[in-house]
Every structure is written in structure tokens, then in C-alpha cells.
$ cat entry-v9.tsv   # TSV, C-alpha atoms
chain	number	residue	atom	x	y	z
A	1045	ASN	CA	0.00	0.00	0.00
A	1046	ASP	CA	1.49	3.33	-1.06
A	1047	TYR	CA	-0.43	5.20	1.60
A	1048	ILE	CA	0.02	4.65	5.30
A	1049	LYS	CA	-2.54	6.06	7.70
A	1050	ARG	CA	-1.27	7.87	10.75
A	1051	GLU	CA	-2.43	5.18	13.19
A	1052	GLU	CA	-0.60	2.49	11.26
A	1053	MET	CA	2.59	4.57	11.08
A	1054	VAL	CA	2.60	5.13	14.84
A	1055	LYS	CA	2.50	1.36	15.34
A	1056	VAL	CA	5.57	0.71	13.22
A	1057	LEU	CA	7.64	3.84	13.79
A	1058	VAL	CA	8.93	5.15	17.08
A	1059	ASN	CA	8.36	8.57	18.56
A	1060	ALA	CA	11.71	10.11	17.69
A	1061	PHE	CA	11.44	12.80	15.06
A	1062	LYS	CA	8.36	15.00	15.39
A	1063	ILE	CA	6.98	17.51	12.96
A	1064	ASP	CA	3.79	19.46	13.60
A	1065	ILE	CA	1.70	20.38	10.58
A	1066	PRO	CA	-0.80	23.26	10.72
A	1067	GLU	CA	-4.41	22.08	10.82
A	1068	GLU	CA	-5.22	23.55	7.45
A	1069	ARG	CA	-2.35	21.55	5.95
A	1070	ASN	CA	-3.38	18.15	7.25
A	1071	THR	CA	-3.76	16.63	3.81
A	1072	GLY	CA	-1.27	16.15	1.03
A	1073	PHE	CA	1.77	14.04	0.38
A	1074	PHE	CA	5.08	13.76	2.13
A	1075	ASP	CA	8.01	11.77	0.75
A	1076	VAL	CA	10.02	10.08	3.50
A	1077	GLN	CA	11.94	7.57	1.36
A	1078	SER	CA	15.24	9.43	1.10
A	1079	PHE	CA	14.99	10.71	4.65
A	1080	VAL	CA	14.92	7.41	6.51
A	1081	GLY	CA	17.00	5.49	4.02
A	1082	VAL	CA	14.42	2.69	4.03
A	1083	PHE	CA	11.46	2.66	1.66
A	1084	PHE	CA	8.20	3.54	3.36
A	1085	GLY	CA	6.76	5.13	0.22
A	1086	PHE	CA	4.34	7.97	0.75
A	1087	PHE	CA	1.88	8.47	3.53
A	1088	ARG	CA	-1.19	10.64	3.51
A	1089	LEU	CA	-2.90	12.36	6.44
A	1090	GLU	CA	-6.61	11.76	6.32
A	1091	GLN	CA	-9.07	14.64	6.44
A	1092	ALA	CA	-10.67	13.01	9.46
A	1093	PHE	CA	-7.87	14.37	11.63
A	1094	THR	CA	-8.83	17.87	12.74
A	1095	PHE	CA	-5.92	18.38	15.13
A	1096	SER	CA	-2.33	19.11	14.14
A	1097	PRO	CA	-0.84	15.69	13.40
A	1098	LEU	CA	2.63	14.49	14.21
A	1099	PHE	CA	5.02	12.68	11.91
A	1100	TYR	CA	7.17	9.98	13.46
A	1101	ILE	CA	10.48	8.92	11.91
A	1102	VAL	CA	12.58	6.02	13.10
A	1103	LYS	CA	15.24	6.87	15.64
A	1104	PHE	CA	18.16	5.20	13.85
A	1105	VAL	CA	18.26	8.04	11.29
A	1106	GLN	CA	21.65	9.77	11.38
A	1107	THR	CA	21.34	12.20	8.47
A	1108	VAL	CA	18.60	14.63	7.51
A	1109	GLN	CA	19.08	14.77	3.75
A	1110	ASN	CA	19.71	17.92	1.71
A	1111	ALA	CA	16.54	19.94	1.05
A	1112	ILE	CA	14.33	17.10	2.30
A	1113	PHE	CA	11.83	19.50	3.90
A	1114	LEU	CA	12.44	22.44	1.57
A	1115	GLY	CA	9.41	24.71	1.57
A	1116	LYS	CA	7.22	22.33	3.59
A	1117	ASN	CA	4.40	23.76	5.72
A	1118	ILE	CA	5.62	22.46	9.05
A	1119	LYS	CA	5.50	24.19	12.43
A	1120	LYS	CA	7.76	22.28	14.80
A	1121	VAL	CA	10.85	20.11	14.47
A	1122	ILE	CA	12.48	17.99	17.18
A	1123	ILE	CA	15.68	16.37	15.98
A	1124	PRO	CA	16.20	12.92	17.53
A	1125	SER	CA	19.36	12.00	19.42
A	1126	SER	CA	20.60	9.72	16.65
A	1127	VAL	CA	21.05	12.53	14.10
A	1128	ILE	CA	24.62	13.77	13.60
A	1129	HIS	CA	24.20	15.63	10.31
A	1130	ILE	CA	21.58	18.02	8.93
A	1131	GLY	CA	22.02	18.56	5.21
A	1132	ASP	CA	22.16	21.70	3.11
A	1133	GLY	CA	18.81	23.45	2.84
A	1134	ALA	CA	17.09	20.72	4.86
A	1135	PHE	CA	14.46	23.09	6.25
A	1136	GLU	CA	15.04	26.05	3.96
A	1137	ASN	CA	12.04	28.29	3.27
A	1138	CYS	CA	9.79	26.54	5.79
A	1139	GLU	CA	7.97	29.79	6.40
A	1140	GLU	CA	5.60	28.42	9.07
A	1141	LEU	CA	8.32	26.73	11.12
A	1142	GLU	CA	8.07	28.20	14.64
A	1143	ALA	CA	10.17	25.90	16.82
A	1144	VAL	CA	13.31	23.83	16.32
A	1145	VAL	CA	14.97	21.64	18.97
A	1146	LEU	CA	18.46	20.52	17.98
A	1147	ASN	CA	19.86	17.44	19.70
A	1148	GLU	CA	22.99	17.01	21.76
A	1149	GLY	CA	25.29	14.89	19.65
A	1150	LEU	CA	24.57	16.80	16.45
A	1151	LYS	CA	27.90	17.46	14.71
A	1152	GLU	CA	27.20	19.23	11.43
A	1153	ILE	CA	24.55	21.59	10.06
A	1154	GLY	CA	24.65	22.26	6.34
A	1155	GLY	CA	24.47	25.59	4.57
A	1156	SER	CA	21.08	27.34	4.43
A	1157	ALA	CA	19.61	24.54	6.57
A	1158	PHE	CA	17.16	26.96	8.20
A	1159	SER	CA	17.37	30.01	5.95
A	1160	GLU	CA	14.17	31.91	5.16
A	1161	CYS	CA	12.31	30.36	8.11
A	1162	LYS	CA	10.33	33.54	8.75
A	1163	ALA	CA	8.35	32.31	11.79
A	1164	LEU	CA	11.37	30.95	13.68
A	1165	LYS	CA	12.13	33.25	16.63
A	1166	THR	CA	14.69	31.44	18.76
A	1167	ILE	CA	17.34	28.74	18.37
A	1168	ARG	CA	19.90	26.99	20.57
A	1169	ILE	CA	22.97	25.48	18.91
A	1170	PRO	CA	24.32	22.49	20.91
A	1171	GLY	CA	27.98	22.51	21.91
A	1172	THR	CA	28.53	19.25	20.04
A	1173	VAL	CA	28.19	21.00	16.66
A	1174	GLU	CA	31.60	21.08	15.01
A	1175	LYS	CA	30.78	22.42	11.56
A	1176	MET	CA	28.13	24.77	10.15
A	1177	GLY	CA	27.57	25.85	6.57
A	1178	GLY	CA	27.12	29.41	5.37
A	1179	VAL	CA	23.84	31.34	5.34
A	1180	LEU	CA	22.68	28.96	8.04
A	1181	PHE	CA	19.77	31.10	9.28
A	1182	GLY	CA	19.92	33.80	6.61
A	1183	GLU	CA	16.75	35.89	6.19
A	1184	SER	CA	15.02	34.05	9.03
A	1185	GLY	CA	12.80	35.61	11.69
A	1186	LEU	CA	15.20	34.91	14.56
A	1187	ILE	CA	15.16	37.21	17.59
A	1188	ASP	CA	17.27	35.23	20.08
A	1189	VAL	CA	20.21	32.91	19.41
A	1190	ILE	CA	22.17	30.86	21.95
A	1191	PHE	CA	25.39	28.99	21.16
A	1192	ASP	CA	26.26	26.44	23.82
A	1193	GLU	CA	29.80	26.08	25.15
A	1194	GLY	CA	31.77	23.90	22.76
A	1195	VAL	CA	30.88	25.63	19.51
A	1196	THR	CA	34.08	27.10	18.01
A	1197	ILE	CA	33.09	28.76	14.73
A	1198	ILE	CA	30.18	30.92	13.58
A	1199	PRO	CA	30.12	30.54	9.79
A	1200	ASP	CA	30.03	33.14	7.02
A	1201	ASN	CA	26.64	34.83	6.51
A	1202	ALA	CA	25.21	32.75	9.36
A	1203	PHE	CA	22.59	35.36	10.28
A	1204	SER	CA	22.76	37.70	7.32
A	1205	LEU	CA	19.58	39.71	6.76
A	1206	CYS	CA	18.03	38.59	10.06
A	1207	GLY	CA	16.40	41.96	10.55
A	1208	ASN	CA	14.70	41.04	13.85
A	1209	LEU	CA	17.74	39.58	15.61
A	1210	GLN	CA	18.23	41.24	19.00
A	1211	SER	CA	20.18	38.86	21.20
A	1212	VAL	CA	23.10	36.52	20.50
A	1213	SER	CA	24.84	34.53	23.25
A	1214	ILE	CA	28.35	33.51	22.17
A	1215	PRO	CA	30.38	31.23	24.48
A	1216	GLU	CA	34.09	31.56	25.24
A	1217	SER	CA	34.78	28.47	23.15
A	1218	VAL	CA	34.18	30.42	19.92
A	1219	THR	CA	37.42	31.41	18.23
A	1220	GLN	CA	36.20	32.62	14.84
A	1221	ILE	CA	33.24	34.56	13.48
A	1222	GLY	CA	32.83	34.47	9.70
A	1223	GLN	CA	32.56	37.31	7.25
A	1224	TRP	CA	29.16	38.93	6.84
A	1225	ALA	CA	27.98	36.71	9.71
A	1226	PHE	CA	25.59	39.35	11.07
A	1227	PHE	CA	25.11	41.44	7.94
A	1228	ALA	CA	22.08	43.75	8.16
A	1229	CYS	CA	20.97	42.56	11.61
A	1230	CYS	CA	19.34	45.95	12.10
A	1231	GLU	CA	17.96	45.36	15.62
A	1232	LEU	CA	21.18	44.00	17.15
A	1233	GLU	CA	22.39	46.51	19.76
A	1234	LYS	CA	25.22	44.72	21.55
A	1235	ILE	CA	27.18	41.50	21.43
A	1236	ASN	CA	29.70	39.81	23.71
A	1237	LEU	CA	32.83	38.73	21.88
A	1238	PRO	CA	34.81	35.83	23.40
A	1239	ARG	CA	38.39	36.63	24.33
A	1240	ALA	CA	39.66	34.05	21.83
A	1241	VAL	CA	38.20	36.08	18.94
A	1242	THR	CA	41.07	38.44	18.17
A	1243	GLU	CA	40.16	39.28	14.60
A	1244	LEU	CA	36.87	39.98	12.83
A	1245	LYS	CA	36.38	38.89	9.25
A	1246	GLU	CA	35.28	41.20	6.45
A	1247	LYS	CA	32.11	43.11	7.28
A	1248	THR	CA	31.06	40.76	10.06
A	1249	PHE	CA	28.69	43.38	11.46
A	1250	TYR	CA	28.14	45.45	8.33
A	1251	ARG	CA	24.88	47.42	8.32
A	1252	CYS	CA	24.10	46.67	11.98
A	1253	GLU	CA	22.92	50.24	12.47
A	1254	LYS	CA	21.92	49.86	16.15
A	1255	LEU	CA	25.04	48.01	17.23
A	1256	GLU	CA	26.84	50.16	19.79
A	1257	LYS	CA	28.80	47.71	21.90
A	1258	LEU	CA	31.20	44.89	21.20
A	1259	ILE	CA	32.02	43.62	24.67
$ encode --input "entry-v9.tsv" --output "C-alpha cells"
Amino acid sequence: NDYIKREEMVKVLVNAFKIDIPEERNTGFFDVQSFVGVFFGFFRLEQAFTFSPLFYIVKFVQTVQNAIFLGKNIKKVIIPSSVIHIGDGAFENCEELEAVVLNEGLKEIGGSAFSECKALKTIRIPGTVEKMGGVLFGESGLIDVIFDEGVTIIPDNAFSLCGNLQSVSIPESVTQIGQWAFFACCELEKINLPRAVTELKEKTFYRCEKLEKLI
């Protein structure tokens, strides 16, 4: 059967990777084949469900594939503990995405993984993350960002054109902040620079008109 009802999926898949879909989007198709690496085909959410459904993906998944959720109408993402890599553009242009929980143990986040996520307001980057691609959260709706101790590099263009960004917590473990990392973050007023950051790349804070303090 190419279509798996939600009740049947819950029986065979574990509660590990959750995605909330807005109520008005509770029909349609969602391809999970390349995501889990095992063929489950397509599943369809039935119109009978009036609440926001959850998708469940098996916990052995280690990689969220490139652009797998590109432009999807999803509201919440909880990355399971097994995931170590999130691919390029994995959640790019998910304009209704409001909440993302990244797991401890995550090691790499690809470029533009969460760019253009307009509804996303806050994010915490686990200290286990060793590598991040450019334009990571570019043009997103972020207001608050927290990097946990252990993160060492903030990549190029990481928060470029995040016009609502107001608060960024950078730990002492960070040694390098990429060029154009905070380009046009117009609401950013101050930022604490770790002592290990002795040099800023080209135009790291270019067009941050309200930025008055680098502490």
C-alpha cells in the first residue's frame, strides 16, 4: 500500500522525530523515502484528523538529507538524538516553522539549513556541533540565538539579513566569526565577543545600524 494512515505509522515507527503540521495543511503528500533510508513510500494524512498531526520517523536516522523539507508547511521540528548531520537546505524556506529543537550529539549543520524560516524566533545550537555551513539562518525571523559552550566557529553569513535579531549569546569556546555573519541585523544593539576572537572577518557586522557595543 502506497499510503500509510497515521495510526498504522505510529505502530511501526517510534516517537523520535516530530513535525507538527498546521491544521489547514493536514492533507497532502510527504516523501520520506530518502529521509529514513528505508522505503516507506508515501503516507497521507486523512481529512478526518482535525488536530495538528505528528510525523514519526525512526530513531536510527543519522542524516537529515539535503533539502528534504524544503518549503514544507511544518511548524515544529524535534531532531532525535541519533542525528549527527543536517544537510544543506534541509528546512530552507519553511515559512511556518516556529520551533526547532536541535539534539545534543549533532555534529554538522549544512548551509542554508534553516534560511528563510520567517516564523522561527529562537534557536539553541548544541555545543557538540563542530561544523556549520554558510547562510545557516539567513533571512530568518530569529530574535534570540544561543550557542552552547563547545561551539568554536560561527560561519560566514550565518545570520545575514536577520532583521529582527536582538540577542546573541556567544560562548568563550568560539574562536572565529565568519565574514558577513551578522550582515544587516538591524535590531542588534550589543554582542559579547569571546576573548579568543582576536580578529573579525570582512564586514562581520556590516549594516548593523543599532550596534553600539562589542564587549
$ residues_around --input "entry-v9.tsv" --residues "stretch 1249-1254 of chain A" --least-positions-apart "6" --cutoff "7 Å" --atoms "only C-alpha atoms" --output "CSV table (one decimal) with C-alpha atoms, keeping the file's coordinate frame"
chain,number,residue,atom,x,y,z
A,1224,TRP,CA,29.2,38.9,6.8
A,1225,ALA,CA,28.0,36.7,9.7
A,1226,PHE,CA,25.6,39.4,11.1
A,1227,PHE,CA,25.1,41.4,7.9
A,1228,ALA,CA,22.1,43.8,8.2
A,1229,CYS,CA,21.0,42.6,11.6
A,1230,CYS,CA,19.3,46.0,12.1
A,1231,GLU,CA,18.0,45.4,15.6
A,1232,LEU,CA,21.2,44.0,17.2
A,1233,GLU,CA,22.4,46.5,19.8
$ atom_distance --input "entry-v9.tsv" --atom1 "atom CA of A:Val1212" --atom2 "atom CA of A:Glu1246"
19.2 Å
$ atom_distance --input "entry-v9.tsv" --atom1 "atom CA of A:Phe1181" --atom2 "atom CA of A:Lys1162"
9.8 Å
$ residues_around --input "entry-v9.tsv" --residues "A:Leu1114" --least-positions-apart "2" --cutoff "7 Å" --atoms "only C-alpha atoms" --output "NGL selection string"
:A and (1111-1112 or 1116 or 1133-1138)
$ write_last_selection --input "entry-v9.tsv" --atoms "C-alpha atoms" --output "PDB file, keeping the file's coordinate frame"
ATOM      1  CA  ALA A1111      16.540  19.940   1.050  1.00  0.00           C
ATOM      2  CA  ILE A1112      14.330  17.100   2.300  1.00  0.00           C
ATOM      3  CA  LYS A1116       7.220  22.330   3.590  1.00  0.00           C
ATOM      4  CA  GLY A1133      18.810  23.450   2.840  1.00  0.00           C
ATOM      5  CA  ALA A1134      17.090  20.720   4.860  1.00  0.00           C
ATOM      6  CA  PHE A1135      14.460  23.090   6.250  1.00  0.00           C
ATOM      7  CA  GLU A1136      15.040  26.050   3.960  1.00  0.00           C
ATOM      8  CA  ASN A1137      12.040  28.290   3.270  1.00  0.00           C
ATOM      9  CA  CYS A1138       9.790  26.540   5.790  1.00  0.00           C
TER      10      CYS A1138
END
$ residues_around --input "entry-v9.tsv" --residues "A:Leu1146" --least-positions-apart "5" --cutoff "7 Å" --atoms "only C-alpha atoms" --output "VMD selection string"
chain A and resid 1122 to 1123 1169 to 1170
$ atom_distance --input "entry-v9.tsv" --atom1 "atom CA of A:Thr1196" --atom2 "atom CA of A:Thr1107"
21.8 Å
$ closest_residue --input "entry-v9.tsv" --among "A:Ala1240, A:Ala1157, A:Ile1235, A:Ala1163" --to "A:Ser1184" --atoms "all atoms listed in the file"
A:Ala1163
$ residues_near_point --input "entry-v9.tsv" --point "(10.0, 33.3, 14.8)" --cutoff "9 Å" --atoms "all atoms listed in the file" --output "list of chain:residue names"
A:Glu1140, A:Leu1141, A:Glu1142, A:Ala1143, A:Cys1161, A:Lys1162, A:Ala1163, A:Leu1164, A:Lys1165, A:Thr1166, A:Ser1184, A:Gly1185, A:Leu1186, A:Ile1187
$ write_last_selection --input "entry-v9.tsv" --atoms "C-alpha atoms" --output "PDB file, keeping the file's coordinate frame"
ATOM      1  CA  GLU A1140       5.600  28.420   9.070  1.00  0.00           C
ATOM      2  CA  LEU A1141       8.320  26.730  11.120  1.00  0.00           C
ATOM      3  CA  GLU A1142       8.070  28.200  14.640  1.00  0.00           C
ATOM      4  CA  ALA A1143      10.170  25.900  16.820  1.00  0.00           C
ATOM      5  CA  CYS A1161      12.310  30.360   8.110  1.00  0.00           C
ATOM      6  CA  LYS A1162      10.330  33.540   8.750  1.00  0.00           C
ATOM      7  CA  ALA A1163       8.350  32.310  11.790  1.00  0.00           C
ATOM      8  CA  LEU A1164      11.370  30.950  13.680  1.00  0.00           C
ATOM      9  CA  LYS A1165      12.130  33.250  16.630  1.00  0.00           C
ATOM     10  CA  THR A1166      14.690  31.440  18.760  1.00  0.00           C
ATOM     11  CA  SER A1184      15.020  34.050   9.030  1.00  0.00           C
ATOM     12  CA  GLY A1185      12.800  35.610  11.690  1.00  0.00           C
ATOM     13  CA  LEU A1186      15.200  34.910  14.560  1.00  0.00           C
ATOM     14  CA  ILE A1187      15.160  37.210  17.590  1.00  0.00           C
TER      15      ILE A1187
END
